[in-house]
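Here's coords00.cif, which has mmCIF, C-alpha atoms:
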```cif
data_work
loop_
_atom_site.label_atom_id
_atom_site.label_comp_id
_atom_site.auth_asym_id
_atom_site.auth_seq_id
_atom_site.Cartn_x
_atom_site.Cartn_y
_atom_site.Cartn_z
CA MET V 1 61.16 -16.28 27.46
CA LYS V 2 59.65 -13.42 29.47
CA TYR V 3 56.72 -14.05 31.75
CA SER V 4 53.54 -12.19 30.82
CA VAL V 5 49.75 -12.13 31.03
CA TYR V 6 47.63 -10.44 28.35
CA GLN V 7 44.35 -12.39 28.50
CA HIS V 8 43.27 -14.09 31.71
CA TRP V 9 41.90 -17.08 29.82
CA ASP V 10 45.16 -17.87 28.04
CA PRO V 11 46.76 -21.17 29.17
CA LEU V 12 48.03 -20.73 32.73
CA GLN V 13 51.69 -21.78 33.12
CA ALA V 14 52.79 -20.34 36.48
CA CYS V 15 50.62 -19.27 39.38
CA ALA V 16 51.02 -17.89 42.89
CA VAL V 17 48.85 -19.54 45.55
CA GLY V 18 48.22 -17.99 48.94
CA ARG V 19 48.85 -19.51 52.35
CA SER V 20 47.03 -19.38 55.68
CA TYR V 21 48.47 -19.69 59.16
CA PRO V 22 48.91 -23.27 60.44
CA PRO V 23 46.72 -24.46 63.33
CA GLU V 24 49.52 -24.07 65.89
CA PHE V 25 49.61 -20.34 65.11
CA TYR V 26 46.44 -19.93 67.18
CA SER V 27 47.93 -21.30 70.40
CA PHE V 28 47.88 -17.72 71.77
CA ILE V 29 44.06 -17.83 71.93
CA GLU V 30 43.02 -18.52 75.53
CA ASN V 31 39.36 -19.29 74.84
CA PRO V 32 39.31 -23.04 73.99
CA LYS V 33 36.09 -22.76 71.96
CA VAL V 34 37.52 -20.08 69.71
CA ARG V 35 40.95 -21.72 69.51
CA SER V 36 39.51 -25.07 68.38
CA VAL V 37 37.41 -23.37 65.71
CA MET V 38 40.36 -21.42 64.36
CA GLU V 39 42.54 -24.55 64.37
CA ARG V 40 39.93 -26.49 62.43
CA ILE V 41 39.50 -23.67 59.92
CA ALA V 42 43.30 -23.54 59.48
CA ILE V 43 43.51 -27.29 58.80
CA GLU V 44 40.61 -27.31 56.35
CA THR V 45 41.86 -24.19 54.58
CA GLU V 46 45.21 -25.81 53.80
CA GLU V 47 43.42 -29.00 52.71
CA ASP V 48 41.46 -26.93 50.20
CA TYR V 49 44.60 -25.13 49.02
CA GLN V 50 46.12 -28.55 48.32
CA LYS V 51 43.04 -29.62 46.33
CA LEU V 52 43.39 -26.50 44.21
CA ILE V 53 47.12 -27.05 43.73
CA LYS V 54 46.50 -30.66 42.66
CA ILE V 55 44.09 -29.52 39.94
CA LEU V 56 46.50 -26.85 38.70
CA GLU V 57 49.46 -29.22 38.67
CA SER V 58 47.41 -31.71 36.62
CA PHE V 59 47.52 -29.02 33.90
CA ASN V 60 51.31 -28.63 34.35
CA VAL V 61 51.01 -25.27 36.12
CA THR V 62 54.05 -24.29 38.19
CA ILE V 63 53.01 -23.25 41.72
CA VAL V 64 54.70 -20.65 43.92
CA ARG V 65 53.28 -19.92 47.34
CA ASN V 66 53.29 -16.98 49.69
CA ASP V 67 55.53 -17.25 52.75
CA ILE V 68 54.77 -17.48 56.46
CA SER V 69 57.42 -17.14 59.14
CA GLU V 70 57.99 -19.97 61.61
CA ASN V 71 58.19 -17.25 64.25
CA ARG V 72 54.65 -16.08 64.93
CA GLU V 73 55.88 -12.75 66.31
CA ASP V 74 57.20 -11.82 62.86
CA HIS V 75 53.54 -11.33 61.95
CA PHE V 76 52.75 -9.17 64.98
CA TRP V 77 52.96 -5.42 64.60
CA ALA V 78 51.01 -2.29 65.52
CA GLY V 79 49.26 -4.15 68.31
CA LYS V 80 47.86 -7.17 66.50
CA TYR V 81 48.65 -10.06 64.18
CA SER V 82 48.61 -9.34 60.48
CA PRO V 83 46.15 -11.33 58.37
CA PRO V 84 47.77 -14.33 56.64
CA PRO V 85 48.85 -13.85 53.00
CA MET V 86 45.90 -15.81 51.67
CA THR V 87 44.94 -13.66 48.69
CA PRO V 88 47.99 -12.73 46.59
CA ARG V 89 45.76 -11.37 43.82
CA ASP V 90 44.49 -8.63 46.13
CA HIS V 91 48.01 -7.18 46.21
CA THR V 92 49.65 -8.19 42.91
CA ALA V 93 49.13 -8.10 39.16
CA MET V 94 50.96 -9.33 36.09
CA ILE V 95 49.95 -6.91 33.35
CA GLY V 96 51.73 -7.54 30.11
CA GLU V 97 55.37 -8.23 31.00
CA LYS V 98 55.40 -6.24 34.27
CA PHE V 99 54.56 -7.58 37.72
CA TYR V 100 53.13 -5.18 40.29
CA MET V 101 53.67 -6.14 43.91
CA PRO V 102 54.23 -4.67 47.38
CA GLY V 103 57.65 -4.09 48.90
CA LEU V 104 58.52 -4.22 52.58
CA GLU V 105 57.87 -0.47 52.90
CA PHE V 106 54.50 -0.74 51.19
CA GLY V 107 52.36 -0.08 54.25
CA ASN V 108 54.30 3.06 55.19
CA ASN V 109 54.61 4.29 51.62
CA PHE V 110 50.99 3.82 50.71
CA PHE V 111 49.34 4.93 53.93
CA SER V 112 51.74 7.67 55.05
CA LYS V 113 49.52 10.41 53.61
CA TYR V 114 46.50 9.09 55.45
CA LYS V 115 48.03 7.94 58.72
CA ILE V 116 47.64 11.30 60.46
CA PHE V 117 44.13 11.70 59.13
CA ALA V 118 43.20 8.20 60.34
CA GLN V 119 44.58 8.97 63.80
CA GLU V 120 42.49 12.13 63.95
CA LEU V 121 39.42 10.11 63.04
CA PHE V 122 40.08 7.84 66.00
CA GLU V 123 39.58 10.86 68.25
CA PHE V 124 36.00 11.01 66.99
CA GLN V 125 35.23 7.36 67.53
CA ASP V 126 32.28 8.16 69.79
CA TYR V 127 30.65 9.92 66.87
CA CYS V 128 31.41 6.98 64.59
CA GLN V 129 30.18 4.33 66.97
CA ASN V 130 27.01 6.25 67.93
CA PRO V 131 25.82 7.47 64.54
CA THR V 132 22.94 9.75 65.54
CA ILE V 133 21.92 12.33 62.98
CA GLU V 134 23.66 15.09 64.96
CA ASN V 135 26.86 13.04 65.27
CA ARG V 136 26.89 12.23 61.58
CA GLU V 137 26.52 15.90 60.70
CA TYR V 138 29.32 16.92 63.08
CA LEU V 139 31.61 14.19 61.83
CA SER V 140 30.83 15.17 58.25
CA ILE V 141 31.95 18.75 58.95
CA LEU V 142 35.20 17.55 60.53
CA ILE V 143 35.90 15.17 57.65
CA ASN V 144 35.20 17.76 54.98
CA GLU V 145 37.48 20.27 56.67
CA LYS V 146 40.30 17.73 56.60
CA LEU V 147 39.55 16.54 53.08
CA ASN V 148 39.78 20.09 51.79
CA THR V 149 43.48 20.10 52.72
CA LEU V 150 44.15 17.18 50.35
CA SER V 151 44.66 17.12 46.61
CA GLU V 152 41.76 15.86 44.49
CA ARG V 153 43.43 12.51 43.96
CA ASP V 154 44.26 12.07 47.66
CA LYS V 155 40.77 13.20 48.64
CA ILE V 156 39.12 10.46 46.56
CA CYS V 157 41.61 7.87 47.79
CA MET V 158 40.87 8.85 51.37
CA LEU V 159 37.11 8.68 50.89
CA GLU V 160 37.50 5.26 49.31
CA ARG V 161 39.04 3.96 52.53
CA PHE V 162 36.91 5.92 54.95
CA LYS V 163 34.43 3.12 55.62
CA SER V 164 37.14 0.61 56.41
CA ILE V 165 38.80 3.08 58.78
CA ILE V 166 35.56 3.66 60.63
CA ARG V 167 34.82 -0.09 60.72
CA SER V 168 38.15 -0.77 62.39
CA ILE V 169 38.07 2.40 64.49
CA ASN V 170 39.62 0.71 67.53
CA HIS V 171 42.33 -1.03 65.51
CA ASN V 172 45.20 0.22 63.42
CA PRO V 173 44.07 0.12 59.75
CA LEU V 174 47.65 -0.41 58.62
CA THR V 175 47.58 -3.95 59.99
CA THR V 176 45.05 -5.13 57.42
CA PHE V 177 48.00 -5.70 55.08
CA PRO V 178 49.90 -9.03 55.28
CA ASN V 179 53.40 -7.62 54.66
CA ASN V 180 55.56 -5.73 57.15
CA LYS V 181 59.19 -4.80 57.75
CA LYS V 182 59.81 -7.92 59.82
CA PHE V 183 58.86 -10.46 57.20
CA ASN V 184 58.22 -10.51 53.44
CA THR V 185 55.23 -12.76 52.76
CA PHE V 186 55.81 -12.30 49.01
CA GLY V 187 59.50 -13.27 49.13
CA SER V 188 59.27 -16.59 47.25
CA ILE V 189 57.09 -15.05 44.56
CA GLU V 190 59.51 -12.15 44.17
CA LYS V 191 62.51 -14.49 43.89
CA PHE V 192 60.74 -16.76 41.40
CA LEU V 193 59.99 -13.83 39.10
CA LYS V 194 63.48 -12.37 39.40
CA ASP V 195 64.90 -15.79 38.49
CA HIS V 196 62.80 -15.57 35.32
CA ASN V 197 63.97 -12.03 34.49
CA THR V 198 60.61 -10.42 35.13
CA GLU V 199 60.40 -6.68 35.59
CA ILE V 200 58.90 -5.93 39.01
CA ILE V 201 57.18 -2.64 39.90
CA TYR V 202 56.79 -2.03 43.63
CA ASP V 203 54.22 -0.21 45.76
CA LYS V 204 51.74 0.95 43.12
CA TYR V 205 48.82 -1.02 44.57
CA ILE V 206 47.65 -2.20 41.18
CA ASN V 207 46.06 -5.61 41.60
CA CYS V 208 44.09 -8.14 39.61
CA ALA V 209 41.19 -8.35 42.04
CA THR V 210 40.05 -5.05 40.49
CA THR V 211 41.68 -5.40 37.05
CA THR V 212 40.38 -7.45 34.11
CA ARG V 213 42.87 -8.11 31.30
CA ILE V 214 41.25 -8.56 27.88
CA GLY V 215 44.21 -8.11 25.52
CA LYS V 216 44.32 -4.54 24.29
CA ASP V 217 41.58 -3.58 26.76
CA LEU V 218 42.08 -3.16 30.52
CA TYR V 219 39.03 -2.88 32.76
CA PHE V 220 39.54 -1.31 36.19
CA GLY V 221 36.77 -1.77 38.74
CA THR V 222 35.84 0.93 41.22
CA VAL V 223 36.07 -0.15 44.87
CA VAL V 224 33.46 2.46 45.80
CA ARG V 225 30.38 2.94 43.60
CA GLY V 226 30.45 6.28 41.82
CA GLU V 227 34.20 6.69 42.28
CA LYS V 228 35.42 9.32 39.85
CA ASN V 229 37.21 8.21 36.70
CA LYS V 230 39.84 10.92 37.24
CA TYR V 231 41.34 9.09 40.21
CA LEU V 232 41.51 5.68 38.54
CA LYS V 233 42.96 7.13 35.37
CA SER V 234 45.71 8.81 37.35
CA ILE V 235 46.55 5.43 38.91
CA VAL V 236 46.65 3.60 35.58
CA LYS V 237 48.05 6.36 33.39
CA GLU V 238 51.19 4.34 32.69
CA PHE V 239 49.04 1.83 30.75
CA MET V 240 47.31 4.34 28.52
CA SER V 241 49.91 4.32 25.77
CA ASP V 242 49.58 0.56 25.25
CA TYR V 243 46.01 -0.23 26.32
CA ARG V 244 42.47 1.04 26.05
CA ILE V 245 41.28 1.83 29.59
CA HIS V 246 37.73 1.19 30.84
CA ILE V 247 36.25 2.00 34.25
CA VAL V 248 33.70 -0.49 35.60
CA ASN V 249 31.43 0.74 38.41
CA CYS V 250 31.53 -2.30 40.74
CA GLY V 251 31.54 -0.92 44.26
CA THR V 252 33.84 -3.76 45.32
CA HIS V 253 36.52 -6.02 43.85
CA SER V 254 35.40 -6.66 40.28
CA ASP V 255 36.42 -10.34 40.32
CA GLY V 256 33.75 -10.91 42.95
CA VAL V 257 30.93 -9.63 40.74
CA PHE V 258 31.75 -10.57 37.15
CA THR V 259 34.09 -12.86 35.21
CA PRO V 260 34.67 -12.91 31.44
CA VAL V 261 35.35 -16.65 31.15
CA LYS V 262 36.38 -16.68 27.49
CA PRO V 263 35.69 -14.52 24.43
CA GLY V 264 31.91 -14.36 24.16
CA LEU V 265 30.89 -15.38 27.71
CA ILE V 266 30.54 -13.47 31.00
CA ILE V 267 29.24 -14.73 34.35
CA SER V 268 27.89 -11.82 36.41
CA LEU V 269 26.08 -11.33 39.72
CA ASN V 270 24.15 -8.36 38.38
CA ASP V 271 24.14 -5.71 35.71
CA ILE V 272 27.07 -3.73 37.08
CA GLN V 273 27.66 -2.06 33.76
CA THR V 274 26.23 -1.84 30.25
CA TYR V 275 27.76 -4.99 28.82
CA SER V 276 26.33 -4.18 25.40
CA LYS V 277 28.84 -1.33 25.25
CA THR V 278 31.87 -2.83 27.01
CA PHE V 279 31.46 -6.41 25.73
CA PRO V 280 29.20 -6.13 22.66
CA ASP V 281 27.46 -9.35 21.55
CA TRP V 282 28.86 -11.42 24.43
CA GLU V 283 26.53 -13.78 26.28
CA VAL V 284 26.00 -12.69 29.90
CA VAL V 285 24.74 -15.19 32.49
CA TYR V 286 23.23 -13.31 35.44
CA LEU V 287 23.17 -14.76 38.97
CA PRO V 288 21.60 -11.92 40.99
CA GLU V 289 20.85 -13.93 44.15
CA GLN V 290 24.17 -15.75 44.43
CA SER V 291 27.43 -15.28 46.34
CA PHE V 292 27.29 -12.55 49.03
CA ALA V 293 23.55 -12.01 48.58
CA LYS V 294 22.83 -15.53 49.85
CA ILE V 295 24.82 -15.13 53.07
CA LYS V 296 24.05 -11.54 54.02
CA PRO V 297 23.21 -12.42 57.67
CA PHE V 298 26.66 -13.94 58.12
CA MET V 299 28.43 -11.04 56.36
CA ASP V 300 26.62 -8.59 58.68
CA LEU V 301 27.82 -10.62 61.67
CA LYS V 302 31.32 -10.75 60.23
CA GLN V 303 31.45 -6.98 59.83
CA LYS V 304 30.44 -6.59 63.46
CA ASN V 305 33.44 -8.74 64.44
CA ASP V 306 35.73 -7.44 61.71
CA GLY V 307 39.36 -8.33 62.37
CA LYS V 308 38.90 -9.33 66.01
CA TRP V 309 40.56 -12.73 65.55
CA TRP V 310 43.90 -10.96 65.08
CA VAL V 311 43.72 -8.96 68.32
CA PRO V 312 44.93 -10.78 71.47
CA GLY V 313 42.21 -10.78 74.10
CA GLU V 314 39.28 -10.25 71.74
CA GLU V 315 38.68 -14.00 71.66
CA LEU V 316 37.29 -13.70 75.19
CA ASN V 317 34.43 -11.60 73.84
CA ASP V 318 31.13 -13.56 73.86
CA ASP V 319 29.98 -11.98 70.58
CA PHE V 320 33.14 -13.13 68.87
CA THR V 321 32.80 -16.65 70.28
CA ASP V 322 29.25 -16.80 68.90
CA PHE V 323 30.51 -15.54 65.54
CA VAL V 324 33.13 -18.24 64.94
CA GLU V 325 30.90 -21.01 66.28
CA ASN V 326 28.02 -19.77 64.12
CA TRP V 327 30.23 -19.98 61.03
CA LEU V 328 31.02 -23.67 61.51
CA LYS V 329 27.59 -24.68 62.79
CA ASP V 330 25.28 -22.82 60.42
CA TRP V 331 27.12 -21.54 57.39
CA VAL V 332 29.90 -23.82 56.08
CA LEU V 333 27.57 -26.59 54.89
CA TYR V 334 25.01 -24.09 53.62
CA VAL V 335 27.65 -22.40 51.43
CA GLU V 336 28.90 -25.74 50.14
CA GLU V 337 25.41 -26.85 49.17
CA THR V 338 23.80 -23.68 47.83
CA VAL V 339 26.20 -20.82 47.02
CA PHE V 340 27.89 -20.28 43.66
CA ASP V 341 30.78 -17.81 43.51
CA VAL V 342 31.65 -15.93 40.30
CA ASN V 343 35.16 -15.58 41.74
CA MET V 344 36.55 -18.41 39.58
CA LEU V 345 39.98 -19.30 38.20
CA ILE V 346 40.40 -19.89 34.48
CA ILE V 347 43.04 -22.45 33.54
CA ASN V 348 42.63 -22.10 29.77
CA PRO V 349 39.76 -21.35 27.34
CA THR V 350 38.23 -24.79 27.88
CA ASN V 351 38.86 -25.40 31.60
CA VAL V 352 37.79 -23.36 34.63
CA ILE V 353 37.89 -23.99 38.39
CA VAL V 354 34.70 -23.12 40.29
CA ASN V 355 33.57 -23.54 43.89
CA ASN V 356 30.27 -25.30 43.22
CA TYR V 357 27.65 -26.48 40.71
CA ASN V 358 25.13 -24.08 39.22
CA LYS V 359 22.85 -25.24 36.42
CA GLN V 360 22.70 -21.86 34.65
CA VAL V 361 26.48 -21.58 34.64
CA PHE V 362 27.17 -25.18 33.70
CA ASP V 363 24.66 -25.01 30.84
CA ALA V 364 26.50 -21.95 29.54
CA PHE V 365 29.81 -23.79 29.91
CA ASP V 366 28.40 -26.64 27.80
CA ARG V 367 27.35 -24.20 25.07
CA HIS V 368 30.88 -22.77 24.99
CA GLY V 369 32.81 -26.04 25.27
CA ILE V 370 34.10 -25.39 28.78
CA THR V 371 34.81 -28.06 31.39
CA ALA V 372 34.27 -27.02 35.02
CA HIS V 373 36.44 -28.42 37.82
CA ILE V 374 34.81 -28.05 41.24
CA CYS V 375 37.08 -27.11 44.13
CA ASN V 376 35.12 -26.02 47.18
CA PHE V 377 37.15 -23.50 49.18
CA ARG V 378 35.09 -24.12 52.30
CA HIS V 379 36.02 -21.03 54.28
CA ARG V 380 35.93 -18.60 51.39
CA TYR V 381 33.45 -16.23 53.12
CA PHE V 382 35.15 -16.47 56.49
CA TRP V 383 38.43 -15.35 54.94
CA ASP V 384 36.83 -13.26 52.18
CA GLY V 385 38.88 -14.87 49.43
CA GLY V 386 37.52 -16.90 46.51
CA LEU V 387 39.41 -19.15 44.08
CA HIS V 388 40.46 -16.19 41.95
CA CYS V 389 41.58 -14.08 44.92
CA ILE V 390 43.68 -16.83 46.55
CA THR V 391 45.80 -17.10 43.40
CA SER V 392 47.66 -14.71 41.11
CA ASP V 393 48.68 -15.40 37.52
CA LEU V 394 52.44 -15.19 37.02
CA ASN V 395 52.59 -16.41 33.43
CA ARG V 396 50.10 -17.30 30.72
CA GLU V 397 50.91 -18.47 27.23
CA GLY V 398 49.93 -15.96 24.58
CA ILE V 399 50.47 -12.46 23.21
CA MET V 400 48.33 -9.35 23.31
CA GLN V 401 45.24 -9.65 21.15
CA ASP V 402 42.71 -7.04 20.13
CA HIS V 403 39.26 -8.48 20.77
CA PHE V 404 37.51 -5.23 19.82
CA PRO V 405 39.42 -3.87 16.77
CA GLU V 406 36.51 -1.61 15.87
CA ARG V 407 37.52 0.56 18.83
CA ASN V 408 40.61 1.68 16.92
CA LYS V 409 38.47 3.60 14.43
#
```

Encoding of this model in structure tokens:
Amino acid sequence: MKYSVYQHWDPLQACAVGRSYPPEFYSFIENPKVRSVMERIAIETEEDYQKLIKILESFNVTIVRNDISENREDHFWAGKYSPPPMTPRDHTAMIGEKFYMPGLEFGNNFFSKYKIFAQELFEFQDYCQNPTIENREYLSILINEKLNTLSERDKICMLERFKSIIRSINHNPLTTFPNNKKFNTFGSIEKFLKDHNTEIIYDKYINCATTTRIGKDLYFGTVVRGEKNKYLKSIVKEFMSDYRIHIVNCGTHSDGVFTPVKPGLIISLNDIQTYSKTFPDWEVVYLPEQSFAKIKPFMDLKQKNDGKWWVPGEELNDDFTDFVENWLKDWVLYVEETVFDVNMLIINPTNVIVNNYNKQVFDAFDRHGITAHICNFRHRYFWDGGLHCITSDLNREGIMQDHFPERNK
């Protein structure tokens, strides 16, 4: 039997689950306030992973986890520690009978075209960090001159990542990826799939945080609003002979803004698309003030401190100390009590794992015969990984179905 996924609500049989660094990893942090916070977050994060695993195993789902080296220095490269491999879905996808995943050369392969450009941008960091009107105009001229040397596809790809490059202007953007030449954080997942004769495609950066699998139809979300269809279609052209391709204008990972829970039901933060066209006659439950909208002050603070917990010495920064303490003191309980996340994991058409209770959502679940299992991933917004992101489907029972046969006419 080959492993496959055609509909993301089909019965889940095998699943990858991410992994965070253990508390002892943070012994390098000299500031005791910051170190104790990070140690507590590490302990509670693994506790929540285990709660999730327990629920999945109660449905006879086989679990495979990402890997972390016992040698902390295996995760140190380009001047800082790589983020832990907490969100396998952000980097992998089982589409049909093929699994897309990164190889050890992924960072170099994927970013090689943009590495020189990124380094040139660093030279203009004063203009980025002091965004006066004049500086913005000057930087825009410099960027456009460089972009004009790229192909159309590369130009769009570069623009898509421009904000993240600017945000981490003092840090190497390549280190935002959990894999490196020293250590393969996806090794156990790769071995598990090879043992089950699964075809593996490396270094395409196709992932299921931005891909929705509805049988014959594949929906690819744009990471940047208004991103041109030409670029996405060039990325997914290998699917066009077997699937109908749809582009959804999300402006972020699509699994963080809408989830088709089963045929006929969608949970959505807002009207990111015309559902009447893409999912005709399906019920849509809108939650416009939930998830990131409810914690905007924290997300603004997080962006200000983006990635600093992986850079030795940054923990001595007072702003960063305030940031991590603020998360535990003001936000963890608030999220647990009030925030509902559409980033949910579907076990099968009648069972779904969610982070919290929401009356609108649970009423819809009752109408559709769905049982919700609450698993609060307490530090979801600290790590930026919900229940869907911290997993990746490796096998679901079922074959490709056509839920919209009228589209064949």

Q: Convert the output of the PyMOL selection byres ((chain V and resi 193) around 10) on the shown file into explicit residues, formatted as a list of chain:residue names.
A: V:Lys2, V:Tyr3, V:Val64, V:Phe99, V:Ser188, V:Ile189, V:Glu190, V:Lys191, V:Phe192, V:Lys194, V:Asp195, V:His196, V:Asn197, V:Thr198, V:Glu199, V:Ile200, V:Leu394, V:Asn395

Q. Applied to this file, what does the PyMOL selection byres ((chain V and resi 370-376) around 9) return in terms of residues, put as a list of chain:residue names?
A.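 Matching residues under the PyMOL selection byres ((chain V and resi 370-376) around 9) are V:Asp48, V:Lys51, V:Leu52, V:Ile55, V:Glu336, V:Pro349, V:Thr350, V:Asn351, V:Val352, V:Ile353, V:Val354, V:Asn355, V:Asn356, V:Tyr357, V:Phe362, V:Ala364, V:Phe365, V:Asp366, V:Arg367, V:His368, V:Gly369, V:Phe377, V:Arg378, V:His379, V:Arg380, V:Leu387.
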
**Q.** Residue members of the PyMOL selection byres ((chain V and resi 279-283) around 10) in the file shown, as a ChimeraX atom specification
**A.** /V:260,262-267,273-278,284-286,364,403-404

Work out where the centre of an axis-aligned box around every listed atom of region 80-88 of chain V lies and how long its edges are once 8 Å is added on each side; give both in Å to one decimal as AutoDock Vina command-line options.
```
--center_x 46.9 --center_y -11.5 --center_z 56.5 --size_x 19.9 --size_y 24.6 --size_z 35.9
```

Q | Which residue of V:Ser27, V:Asn184, V:Asn408, V:Ser254 approaches Pro84 (chain V) most closely, using all atoms listed in the file | A |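 Closest to Pro84 (chain V) of all the choices is V:Asn184.
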
Q) What gap, in Å, lies between CA of Val5 (chain V) and CA of Ile214 (chain V)? A) 9.7 Å
